[in-house]
file query-v2.tsv (TSV, C-alpha atoms and all ligand atoms)
chain	number	residue	atom	x	y	z
A	1	MET	CA	-8.08	16.92	5.27
A	2	LYS	CA	-7.40	13.40	6.57
A	3	VAL	CA	-7.06	10.59	4.02
A	4	ILE	CA	-6.59	6.83	4.16
A	5	TYR	CA	-4.23	4.92	1.88
A	6	PRO	CA	-5.19	1.22	2.11
A	7	GLY	CA	-3.36	-1.81	0.74
A	8	SER	CA	-1.60	-5.06	1.47
A	9	PHE	CA	1.96	-3.63	1.37
A	10	ASP	CA	3.53	-7.10	1.18
A	11	PRO	CA	6.09	-5.52	1.18
A	12	VAL	CA	6.10	-1.73	0.71
A	13	THR	CA	7.93	-0.66	-2.46
A	14	TYR	CA	9.19	2.66	-3.88
A	15	GLY	CA	5.93	2.75	-5.87
A	16	HIS	CA	3.88	2.90	-2.65
A	17	LEU	CA	6.36	5.32	-1.04
A	18	ASP	CA	6.02	7.70	-3.99
A	19	ILE	CA	2.23	7.81	-3.46
A	20	ILE	CA	2.72	8.21	0.32
A	21	GLU	CA	5.20	11.08	-0.07
A	22	ARG	CA	3.02	12.93	-2.58
A	23	SER	CA	-0.13	12.41	-0.46
A	24	SER	CA	1.65	13.68	2.64
A	25	LYS	CA	2.36	16.96	0.82
A	26	LYS	CA	-1.24	17.41	-0.34
A	27	PHE	CA	-3.19	16.35	2.76
A	28	ASP	CA	-2.98	17.22	6.47
A	29	LYS	CA	-2.86	13.62	7.59
A	30	VAL	CA	-2.33	10.29	5.77
A	31	ILE	CA	-3.27	7.04	7.49
A	32	ILE	CA	-1.70	4.01	5.85
A	33	ALA	CA	-4.13	1.15	6.48
A	34	ILE	CA	-2.58	-2.28	6.07
A	35	LEU	CA	-5.08	-5.02	5.34
A	36	ASN	CA	-4.82	-7.84	7.88
A	37	ASN	CA	-6.48	-10.56	5.85
A	38	LYS	CA	-5.75	-13.99	7.26
A	39	SER	CA	-7.13	-15.77	4.18
A	40	LYS	CA	-4.66	-13.98	1.87
A	41	LYS	CA	-1.27	-15.63	1.77
A	42	ASN	CA	1.22	-12.90	2.57
A	43	LEU	CA	4.99	-13.27	2.72
A	44	PHE	CA	5.30	-10.82	5.61
A	45	THR	CA	3.24	-10.97	8.81
A	46	ILE	CA	1.14	-7.96	9.71
A	47	GLU	CA	3.69	-7.00	12.41
A	48	GLU	CA	6.54	-7.14	9.87
A	49	ARG	CA	4.60	-5.04	7.36
A	50	VAL	CA	3.85	-2.46	10.07
A	51	ARG	CA	7.53	-2.32	11.06
A	52	LEU	CA	8.72	-1.89	7.46
A	53	LEU	CA	6.20	0.88	6.81
A	54	LYS	CA	7.04	2.67	10.07
A	55	GLU	CA	10.75	2.61	9.22
A	56	THR	CA	10.32	3.75	5.63
A	57	THR	CA	7.88	6.60	6.38
A	58	LYS	CA	9.40	8.01	9.57
A	59	GLN	CA	10.52	11.15	7.70
A	60	PHE	CA	6.86	12.15	7.12
A	61	PRO	CA	5.43	13.57	10.38
A	62	ASN	CA	1.82	13.53	9.17
A	63	VAL	CA	1.84	9.85	8.15
A	64	GLU	CA	0.43	7.24	10.55
A	65	ILE	CA	0.51	3.44	10.17
A	66	ASP	CA	-2.50	1.35	11.13
A	67	THR	CA	-4.01	-2.05	10.33
A	68	PHE	CA	-7.55	-3.11	9.53
A	69	SER	CA	-9.58	-6.20	8.79
A	70	GLY	CA	-13.05	-6.54	7.34
A	71	LEU	CA	-14.62	-3.97	5.08
A	72	LEU	CA	-12.60	-0.92	4.08
A	73	THR	CA	-15.67	1.33	4.25
A	74	SER	CA	-16.37	0.30	7.89
A	75	TYR	CA	-12.78	1.07	8.82
A	76	VAL	CA	-12.81	4.43	7.03
A	77	LYS	CA	-16.05	5.41	8.83
A	78	GLU	CA	-14.63	4.31	12.20
A	79	LYS	CA	-11.65	6.59	11.62
A	80	GLY	CA	-14.00	9.54	11.03
A	81	CYS	CA	-12.74	9.85	7.49
A	82	SER	CA	-14.38	9.85	4.05
A	83	THR	CA	-11.51	9.95	1.56
A	84	VAL	CA	-9.36	7.10	0.29
A	85	ILE	CA	-6.24	7.37	-1.87
A	86	ARG	CA	-5.31	4.72	-4.43
A	87	GLY	CA	-2.38	4.65	-6.83
A	88	LEU	CA	-3.04	4.01	-10.53
A	89	ARG	CA	-0.16	2.45	-12.42
A	90	ALA	CA	-1.56	1.47	-15.80
A	91	VAL	CA	-4.82	0.90	-17.63
A	92	SER	CA	-4.78	-2.63	-16.20
A	93	ASP	CA	-5.38	-1.20	-12.70
A	94	PHE	CA	-8.33	0.84	-13.86
A	95	GLU	CA	-11.07	-1.79	-14.09
A	96	TYR	CA	-10.32	-3.28	-10.65
A	97	GLU	CA	-10.02	0.15	-9.03
A	98	MET	CA	-13.22	1.39	-10.66
A	99	GLN	CA	-15.09	-1.70	-9.42
A	100	MET	CA	-13.78	-1.25	-5.86
A	101	ALA	CA	-14.60	2.46	-5.81
A	102	LEU	CA	-18.14	1.85	-7.07
A	103	VAL	CA	-18.81	-1.01	-4.63
A	104	ASN	CA	-17.41	1.05	-1.76
A	105	ARG	CA	-19.69	3.92	-2.72
A	106	LYS	CA	-22.69	1.59	-2.32
A	107	THR	CA	-21.78	0.83	1.30
A	108	TYR	CA	-20.55	4.35	2.16
A	109	PRO	CA	-22.00	6.90	-0.30
A	110	GLU	CA	-20.10	9.86	1.19
A	111	MET	CA	-16.74	8.19	0.65
A	112	GLU	CA	-14.61	9.47	-2.21
A	113	THR	CA	-11.72	7.58	-3.82
A	114	ILE	CA	-8.94	9.82	-5.11
A	115	PHE	CA	-6.55	8.29	-7.65
A	116	MET	CA	-2.94	9.34	-7.92
A	117	VAL	CA	-1.06	8.47	-11.08
A	118	SER	CA	2.16	6.57	-10.41
A	119	ARG	CA	5.49	7.98	-11.44
A	120	ALA	CA	6.46	6.57	-14.84
A	121	GLU	CA	9.44	4.67	-13.46
A	122	TYR	CA	7.19	2.68	-11.12
A	123	VAL	CA	4.30	1.72	-13.42
A	124	PHE	CA	5.67	-1.81	-13.84
A	125	LEU	CA	6.42	-2.29	-10.16
A	126	SER	CA	4.44	-4.56	-7.83
A	127	SER	CA	5.13	-6.34	-4.55
A	128	SER	CA	4.87	-9.73	-6.33
A	129	ILE	CA	7.53	-8.78	-8.88
A	130	VAL	CA	9.86	-7.69	-6.08
A	131	LYS	CA	9.23	-10.94	-4.15
A	132	GLU	CA	9.86	-13.03	-7.24
A	133	ILE	CA	13.18	-11.32	-8.01
A	134	ALA	CA	14.29	-11.57	-4.36
A	135	SER	CA	13.29	-15.24	-4.16
A	136	PHE	CA	15.77	-16.02	-6.94
A	137	GLY	CA	18.50	-14.01	-5.26
A	138	GLY	CA	18.19	-11.05	-7.66
A	139	LYS	CA	18.93	-7.46	-6.62
A	140	VAL	CA	15.93	-5.33	-5.65
A	141	THR	CA	17.87	-2.24	-4.62
A	142	CYS	CA	16.14	0.02	-7.15
A	143	PHE	CA	12.63	-1.16	-6.18
A	144	VAL	CA	12.61	-1.08	-2.36
A	145	PRO	CA	14.47	0.71	0.48
A	146	LYS	CA	17.42	-1.04	2.15
A	147	VAL	CA	15.44	-2.16	5.21
A	148	VAL	CA	12.92	-3.95	2.94
A	149	GLU	CA	15.71	-5.45	0.85
A	150	GLU	CA	17.24	-6.88	4.04
A	151	ALA	CA	13.88	-8.23	5.24
A	152	LEU	CA	13.40	-9.95	1.86
A	153	ALA	CA	16.90	-11.44	1.98
A	154	ASN	CA	16.13	-12.81	5.46
A	155	LYS	CA	12.88	-14.38	4.29
A	156	PHE	CA	14.51	-16.09	1.35
A	157	LYS	CA	17.70	-17.07	3.17
A	158	GLY	CA	18.41	-20.68	2.38
A	159	GLY	CA	15.96	-20.70	-0.53
A	160	PHE	CA	12.89	-22.92	-0.79
B	201	LIG	N1	3.25	1.16	-6.72
B	201	LIG	C1	3.66	-0.11	-6.78
B	201	LIG	N2	2.83	-1.15	-6.61
B	201	LIG	C2	1.55	-0.89	-6.36
B	201	LIG	C3	1.06	0.42	-6.27
B	201	LIG	C4	1.98	1.47	-6.47
B	201	LIG	N3	1.60	2.73	-6.43
B	201	LIG	N4	-0.26	0.36	-6.02
B	201	LIG	C5	-0.57	-0.94	-5.94
B	201	LIG	N5	0.52	-1.68	-6.14
B	201	LIG	C6	0.59	-3.15	-6.21
B	201	LIG	C7	0.80	-3.80	-4.91
B	201	LIG	O1	2.15	-3.96	-4.64
B	201	LIG	C8	0.11	-5.12	-5.11
B	201	LIG	O2	0.98	-5.98	-5.80
B	201	LIG	P1	0.81	-7.54	-5.75
B	201	LIG	O3	-0.53	-7.87	-6.33
B	201	LIG	O4	1.94	-7.95	-6.58
B	201	LIG	O5	0.95	-7.91	-4.31
B	201	LIG	C9	-1.05	-4.80	-6.05
B	201	LIG	O6	-0.68	-3.60	-6.68
B	201	LIG	C10	-2.36	-4.59	-5.35
B	201	LIG	O7	-2.06	-3.95	-4.17
B	201	LIG	P2	-2.85	-3.24	-3.07
B	201	LIG	O8	-2.89	-1.81	-3.36
B	201	LIG	O9	-2.23	-3.62	-1.79
B	201	LIG	O10	-4.27	-3.76	-3.23
B	201	LIG	P3	-4.94	-5.03	-2.72
B	201	LIG	O11	-5.73	-5.48	-3.86
B	201	LIG	O12	-4.03	-6.00	-2.11
B	201	LIG	O13	-5.82	-4.44	-1.53
B	201	LIG	C11	-7.62	-3.13	-0.59
B	201	LIG	C12	-6.73	-3.41	-1.77
B	201	LIG	C13	-6.94	-3.42	0.73
B	201	LIG	C14	-7.90	-1.64	-0.65
B	201	LIG	C15	-8.93	-3.94	-0.78
B	201	LIG	O14	-8.63	-5.29	-0.98
B	201	LIG	C16	-9.87	-3.78	0.38
B	201	LIG	O15	-10.42	-2.74	0.60
B	201	LIG	N6	-10.06	-4.86	1.14
B	201	LIG	C17	-10.92	-4.87	2.31
B	201	LIG	C18	-12.21	-5.67	2.08
B	201	LIG	C19	-13.21	-4.83	1.35
B	201	LIG	O16	-13.63	-3.78	1.78
B	201	LIG	N7	-13.65	-5.35	0.21
B	201	LIG	C20	-14.56	-4.69	-0.64
B	201	LIG	C21	-13.81	-3.77	-1.60
B	201	LIG	S1	-14.70	-3.61	-3.06
call {"tool": "encode", "arguments": {"input": "query-v2.tsv", "output": "structure tokens", "more": "lines below"}}
Ligand code: COA
result
Amino acid sequence: MKVIYPGSFDPVTYGHLDIIERSSKKFDKVIIAILNNKSKKNLFTIEERVRLLKETTKQFPNVEIDTFSGLLTSYVKEKGCSTVIRGLRAVSDFEYEMQMALVNRKTYPEMETIFMVSRAEYVFLSSSIVKEIASFGGKVTCFVPKVVEEALANKFKGGF
């Protein structure tokens, strides 16, 4: 079965990579779909996010990196797919995820959203937290792979 794992990945963290690794073991193919939303203020460009995901997932042969804009359901249909993976970290994610899954079902009734529970050590992790720590020169070694840590250091070089 082919599944799509959508998100902003600004930048990818060990929390995302845990979901990607576990999905790659359960499904034949995992397409990571990075949202290219020009109205959302991202730290990393879409090209940079693609590069970081390609480098951090190259050990998984059945994982592919792609980008999308517009509605998730239209993209999923275009890809000939009907299953989406989302990670659930804490109860706080639940309401938002439930709302998205129900709205998506309205526009694409055959689409299923499968939730994977985060590993306990990553329930507090988010891309914003990582960016905040890195922006103050803090160490993010235990939250992101080296290549992402270096990309963050480059972004924040010289401070604001
Ligand atoms: N581990 C660590 N962090 C995680 C995580 C995990 N397993 N899962 C999510 N996160 C974090 C992300 O890092 C991100 O952190 P941030 O807010 O600090 O940046 C946050 O949770 C939300 O991330 P993400 O999963 O990227 O969701 P999103 O809200 O940015 O995007 C889309 C979700 C892309 C699926 C959704 O916006 C979408 O489908 N957009 C397309 C338009 C559309 O169809 N809209 C209608 C949908 S109802």
call {"tool": "atom_distance", "arguments": {"input": "query-v2.tsv", "atom1": "atom CA of Leu52 of chain A", "atom2": "atom CA of Glu132 of chain A"}}
result
18.5 Å
call {"tool": "closest_residue", "arguments": {"input": "query-v2.tsv", "among": "A:Tyr122, A:Arg49, A:Phe27, A:Ile32", "to": "ligand LIG 201 (chain B)", "atoms": "only C-alpha atoms and all ligand atoms"}}
result
A:Tyr122
call {"tool": "closest_residue", "arguments": {"input": "query-v2.tsv", "among": "A:His16, A:Lys146, A:Arg119, A:Lys40", "to": "ligand LIG 201 (chain B)", "atoms": "all atoms listed in the file"}}
result
A:His16
call {"tool": "atom_distance", "arguments": {"input": "query-v2.tsv", "atom1": "atom CA of Glu121 of chain A", "atom2": "atom O1 of ligand LIG 201 (chain B)"}}
result
14.3 Å
call {"tool": "closest_residue", "arguments": {"input": "query-v2.tsv", "among": "A:Met1, A:Ala101, A:Val91, A:Ile34", "to": "Ile65 of chain A", "atoms": "all atoms listed in the file"}}
result
A:Ile34
call {"tool": "residues_around", "arguments": {"input": "query-v2.tsv", "residues": "Lys131 of chain A", "least_positions_apart": "3", "cutoff": "9 Å", "atoms": "only C-alpha atoms", "output": "number ranges by chain"}}
result
A: 10-11, 43, 126-128, 134-136, 140, 152
call {"tool": "closest_residue", "arguments": {"input": "query-v2.tsv", "among": "A:Asn154, A:Thr141, A:Asn104, A:Gln59", "to": "Tyr14 of chain A", "atoms": "all atoms listed in the file"}}
result
A:Thr141
call {"tool": "residues_near_ligand", "arguments": {"input": "query-v2.tsv", "ligand": "ligand LIG 201 (chain B)", "cutoff": "6 Å", "atoms": "only C-alpha atoms and all ligand atoms", "output": "number ranges by chain"}}
result
A: 6-9, 15-16, 19, 35, 70-72, 87, 100, 103-104, 118, 125-128
call {"tool": "atom_distance", "arguments": {"input": "query-v2.tsv", "atom1": "atom CA of Ala151 of chain A", "atom2": "atom CA of Glu47 of chain A"}}
result
12.5 Å
call {"tool": "residues_around", "arguments": {"input": "query-v2.tsv", "residues": "Ile4 of chain A", "least_positions_apart": "6", "cutoff": "6 Å", "atoms": "only C-alpha atoms", "output": "tab-separated table (two decimals) with C-alpha atoms, in the frame of the given file"}}
result
chain	number	residue	atom	x	y	z
A	30	VAL	CA	-2.33	10.29	5.77
A	31	ILE	CA	-3.27	7.04	7.49
A	32	ILE	CA	-1.70	4.01	5.85
A	84	VAL	CA	-9.36	7.10	0.29
call {"tool": "closest_residue", "arguments": {"input": "query-v2.tsv", "among": "A:Ala153, A:Ile46, A:Ile20, A:Met111", "to": "Asp66 of chain A", "atoms": "only C-alpha atoms"}}
result
A:Ile46
call {"tool": "residues_around", "arguments": {"input": "query-v2.tsv", "residues": "Val3 of chain A", "least_positions_apart": "5", "cutoff": "10 Å", "atoms": "all atoms listed in the file", "output": "list in words"}}
result
Ser23, Ser24, Lys26, Phe27, Asp28, Lys29, Val30, Ile31, Ile32, Val63, Val76, Lys79, Gly80, Cys81, Ser82, Thr83, Val84, Ile85, Glu112, Thr113 and Ile114 of chain A
call {"tool": "build_atoms", "arguments": {"input": "query-v2.tsv", "residues": "segment 121-138 of chain A", "atoms": "N, CA, C and O atoms", "output": "PDB file, in the frame of the given file"}}
result
ATOM      1  N   GLU A 121       8.444   5.722 -13.724  1.00  0.00           N
ATOM      2  CA  GLU A 121       9.440   4.670 -13.460  1.00  0.00           C
ATOM      3  C   GLU A 121       8.911   3.537 -12.586  1.00  0.00           C
ATOM      4  O   GLU A 121       9.566   2.513 -12.440  1.00  0.00           O
ATOM      5  N   TYR A 122       7.716   3.732 -11.987  1.00  0.00           N
ATOM      6  CA  TYR A 122       7.190   2.680 -11.120  1.00  0.00           C
ATOM      7  C   TYR A 122       5.944   1.996 -11.674  1.00  0.00           C
ATOM      8  O   TYR A 122       5.320   1.200 -10.977  1.00  0.00           O
ATOM      9  N   VAL A 123       5.564   2.288 -12.914  1.00  0.00           N
ATOM     10  CA  VAL A 123       4.300   1.720 -13.420  1.00  0.00           C
ATOM     11  C   VAL A 123       4.358   0.186 -13.541  1.00  0.00           C
ATOM     12  O   VAL A 123       3.332  -0.476 -13.499  1.00  0.00           O
ATOM     13  N   PHE A 124       5.526  -0.358 -13.666  1.00  0.00           N
ATOM     14  CA  PHE A 124       5.670  -1.810 -13.840  1.00  0.00           C
ATOM     15  C   PHE A 124       5.843  -2.522 -12.508  1.00  0.00           C
ATOM     16  O   PHE A 124       5.856  -3.744 -12.436  1.00  0.00           O
ATOM     17  N   LEU A 125       6.015  -1.730 -11.453  1.00  0.00           N
ATOM     18  CA  LEU A 125       6.420  -2.290 -10.160  1.00  0.00           C
ATOM     19  C   LEU A 125       5.234  -2.875  -9.391  1.00  0.00           C
ATOM     20  O   LEU A 125       4.142  -2.317  -9.394  1.00  0.00           O
ATOM     21  N   SER A 126       5.449  -4.026  -8.746  1.00  0.00           N
ATOM     22  CA  SER A 126       4.440  -4.560  -7.830  1.00  0.00           C
ATOM     23  C   SER A 126       5.173  -5.338  -6.742  1.00  0.00           C
ATOM     24  O   SER A 126       6.331  -5.746  -6.930  1.00  0.00           O
ATOM     25  N   SER A 127       4.502  -5.579  -5.642  1.00  0.00           N
ATOM     26  CA  SER A 127       5.130  -6.340  -4.550  1.00  0.00           C
ATOM     27  C   SER A 127       5.467  -7.752  -5.012  1.00  0.00           C
ATOM     28  O   SER A 127       6.502  -8.299  -4.637  1.00  0.00           O
ATOM     29  N   SER A 128       4.603  -8.356  -5.849  1.00  0.00           N
ATOM     30  CA  SER A 128       4.870  -9.730  -6.330  1.00  0.00           C
ATOM     31  C   SER A 128       6.140  -9.802  -7.159  1.00  0.00           C
ATOM     32  O   SER A 128       6.924 -10.742  -7.027  1.00  0.00           O
ATOM     33  N   ILE A 129       6.331  -8.799  -8.035  1.00  0.00           N
ATOM     34  CA  ILE A 129       7.530  -8.780  -8.880  1.00  0.00           C
ATOM     35  C   ILE A 129       8.779  -8.731  -7.995  1.00  0.00           C
ATOM     36  O   ILE A 129       9.740  -9.465  -8.205  1.00  0.00           O
ATOM     37  N   VAL A 130       8.717  -7.852  -6.985  1.00  0.00           N
ATOM     38  CA  VAL A 130       9.860  -7.690  -6.080  1.00  0.00           C
ATOM     39  C   VAL A 130      10.136  -9.010  -5.341  1.00  0.00           C
ATOM     40  O   VAL A 130      11.278  -9.452  -5.226  1.00  0.00           O
ATOM     41  N   LYS A 131       9.060  -9.667  -4.875  1.00  0.00           N
ATOM     42  CA  LYS A 131       9.230 -10.940  -4.150  1.00  0.00           C
ATOM     43  C   LYS A 131       9.814 -12.010  -5.068  1.00  0.00           C
ATOM     44  O   LYS A 131      10.665 -12.787  -4.662  1.00  0.00           O
ATOM     45  N   GLU A 132       9.361 -12.005  -6.308  1.00  0.00           N
ATOM     46  CA  GLU A 132       9.860 -13.030  -7.240  1.00  0.00           C
ATOM     47  C   GLU A 132      11.365 -12.834  -7.501  1.00  0.00           C
ATOM     48  O   GLU A 132      12.143 -13.787  -7.432  1.00  0.00           O
ATOM     49  N   ILE A 133      11.759 -11.593  -7.752  1.00  0.00           N
ATOM     50  CA  ILE A 133      13.180 -11.320  -8.010  1.00  0.00           C
ATOM     51  C   ILE A 133      14.013 -11.715  -6.781  1.00  0.00           C
ATOM     52  O   ILE A 133      15.021 -12.415  -6.893  1.00  0.00           O
ATOM     53  N   ALA A 134      13.544 -11.278  -5.599  1.00  0.00           N
ATOM     54  CA  ALA A 134      14.290 -11.570  -4.360  1.00  0.00           C
ATOM     55  C   ALA A 134      14.361 -13.073  -4.099  1.00  0.00           C
ATOM     56  O   ALA A 134      15.374 -13.569  -3.611  1.00  0.00           O
ATOM     57  N   SER A 135      13.302 -13.795  -4.445  1.00  0.00           N
ATOM     58  CA  SER A 135      13.290 -15.240  -4.160  1.00  0.00           C
ATOM     59  C   SER A 135      14.344 -15.985  -4.969  1.00  0.00           C
ATOM     60  O   SER A 135      14.801 -17.050  -4.579  1.00  0.00           O
ATOM     61  N   PHE A 136      14.727 -15.389  -6.128  1.00  0.00           N
ATOM     62  CA  PHE A 136      15.770 -16.020  -6.940  1.00  0.00           C
ATOM     63  C   PHE A 136      17.146 -15.395  -6.681  1.00  0.00           C
ATOM     64  O   PHE A 136      18.083 -15.595  -7.443  1.00  0.00           O
ATOM     65  N   GLY A 137      17.214 -14.609  -5.629  1.00  0.00           N
ATOM     66  CA  GLY A 137      18.500 -14.010  -5.260  1.00  0.00           C
ATOM     67  C   GLY A 137      18.864 -12.780  -6.074  1.00  0.00           C
ATOM     68  O   GLY A 137      19.996 -12.298  -6.010  1.00  0.00           O
ATOM     69  N   GLY A 138      17.910 -12.240  -6.841  1.00  0.00           N
ATOM     70  CA  GLY A 138      18.190 -11.050  -7.660  1.00  0.00           C
ATOM     71  C   GLY A 138      18.221  -9.787  -6.801  1.00  0.00           C
ATOM     72  O   GLY A 138      17.713  -9.772  -5.683  1.00  0.00           O
TER      73      GLY A 138
END
